[in-house]
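First comes the structure, then the notes that go with it.
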Amino acid sequence: MHLSADTTLSGTVEGLNSTLTQIFPFGFVLLGIVIMVTSLFRVMTSARTGHTEGIGGIFVGAAAVAIGFLFPFINDTLFPKTDTDSAPTPTATSTPTETTTPSPTATTAPPTQEPADLTPMFITLGVIAGLVLTVILVLLLVTAIQRARRSIRSSRELAAAQHATAERQAATWQAFRNRHDELLRKILHAETDWDALFFTPALTDPNVPQTYAMLRAMRAAGTLRDTAGTLPAGLDADADLTELPYPNAVEEFAAAWDAAERHARRVGQKGIPAAERKAIAGIRTLLDIAENSAASATERNIAYRRAQTLIAELESIHIPARAIAQLEEHHRLMLTATQDT
């Protein structure tokens, strides 16, 4: 009776073990595949941001798949099946029998053990090796893609930075040229505007030290503009353009102009005698008549000739040749217009 209970319990355990042997491998393989697919997706997603996440999950999934395939072999090793058919059959009663001559007991040969079939194990190892190789190839591909993207991004950023630097330097250089042009326009106005000539005469007098320094700086800037007035190629991104010859000359020209203009406004007509101041007022009135289109041709011609005479008599004011040439051009145009009418 006790032997029958042991046999029943052993059969129950073997049945449960058989059920688990069928369920566990499928569960581990399915779980491993899900983990590997999820981790691979994380790796490919994180590669876009330059980071790598999920690599450990790929190896965990591969290990789960390996355990699923190897589970039957592990189970057979830990829980070997017992042969219930070899168990002795108990006898219900013992009846006395006649004494017979014992027959010699036949010797039974030990059961031969067939070699284990290793084909499933080799298939499992091949699948695991394939999964590992696939993971390695995926990692190499992801790493190559990351490096290529970083290289492209770095090249684009470098090109954009170089383009921005070139535009900034070109704009700065053009600003120096524009400032140079503005200073030349100021000098032209100072040398051709009669109000400026009469009320700030020091600004056009080369005998004044400040004006002489300004004219010398103007000539230096003009010379460098003709010889080095283009932006040099291959400048560093942090290069200081003011240290280059032409921009430096423009800066000195601007500083000299400011100094000469301040001095001329401060001095004004202080160095002009009273008689010449009166002559200047008369010259200004005559020039207004000479340039007045409402006046007759005779009046304008007389006013021009009289103004010319008074200008030639000035001794305290330097009248630039450009102002005289402009005045003569206006008078010539006036005579031409009178003849046409």
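In the structure tokens, each chain is lettered A, B, ... as it comes, each chain's residues begin at 1, and ligands are numbered from 1 in order of appearance.
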Worksheet entry | Test item: residues at most 12 Å from Thr211 in chain A, only C-alpha atoms, excluding those fewer than 4 positions along its chain, as an MDAnalysis selection string | chainID A and resid 187 190 200:207 215:218 253 255:264 318
Worksheet item: How far is it from CA of Leu224 in chain A to CA of Gln169 in chain A, in Å with one decimal?
Response: 18.2 Å
Give me the residues of range 182-206 of chain A that have any atom at most 12 Å from an atom of range 294-311 of chain A; for each, the nearest atom pair and the distance in Å, rounded to one decimal. Use only C-alpha atoms, sort by chain and number, and format it as a tab-separated table.
residue	atom	partner	partner_atom	distance
A:Trp194	CA	A:Ile311	CA	11.0
A:Leu197	CA	A:Ile311	CA	11.4
A:Phe198	CA	A:Ile311	CA	10.8
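For the atom pair formed by CA of Pro72 in chain A and CA of Ile23 in chain A, the distance is 10.4 Å, given to one decimal.
Using only C-alpha atoms, the smallest distance between any of A:Thr38, A:Thr285, A:Asn178, A:Thr172 and Leu231 in chain A comes from A:Thr172.
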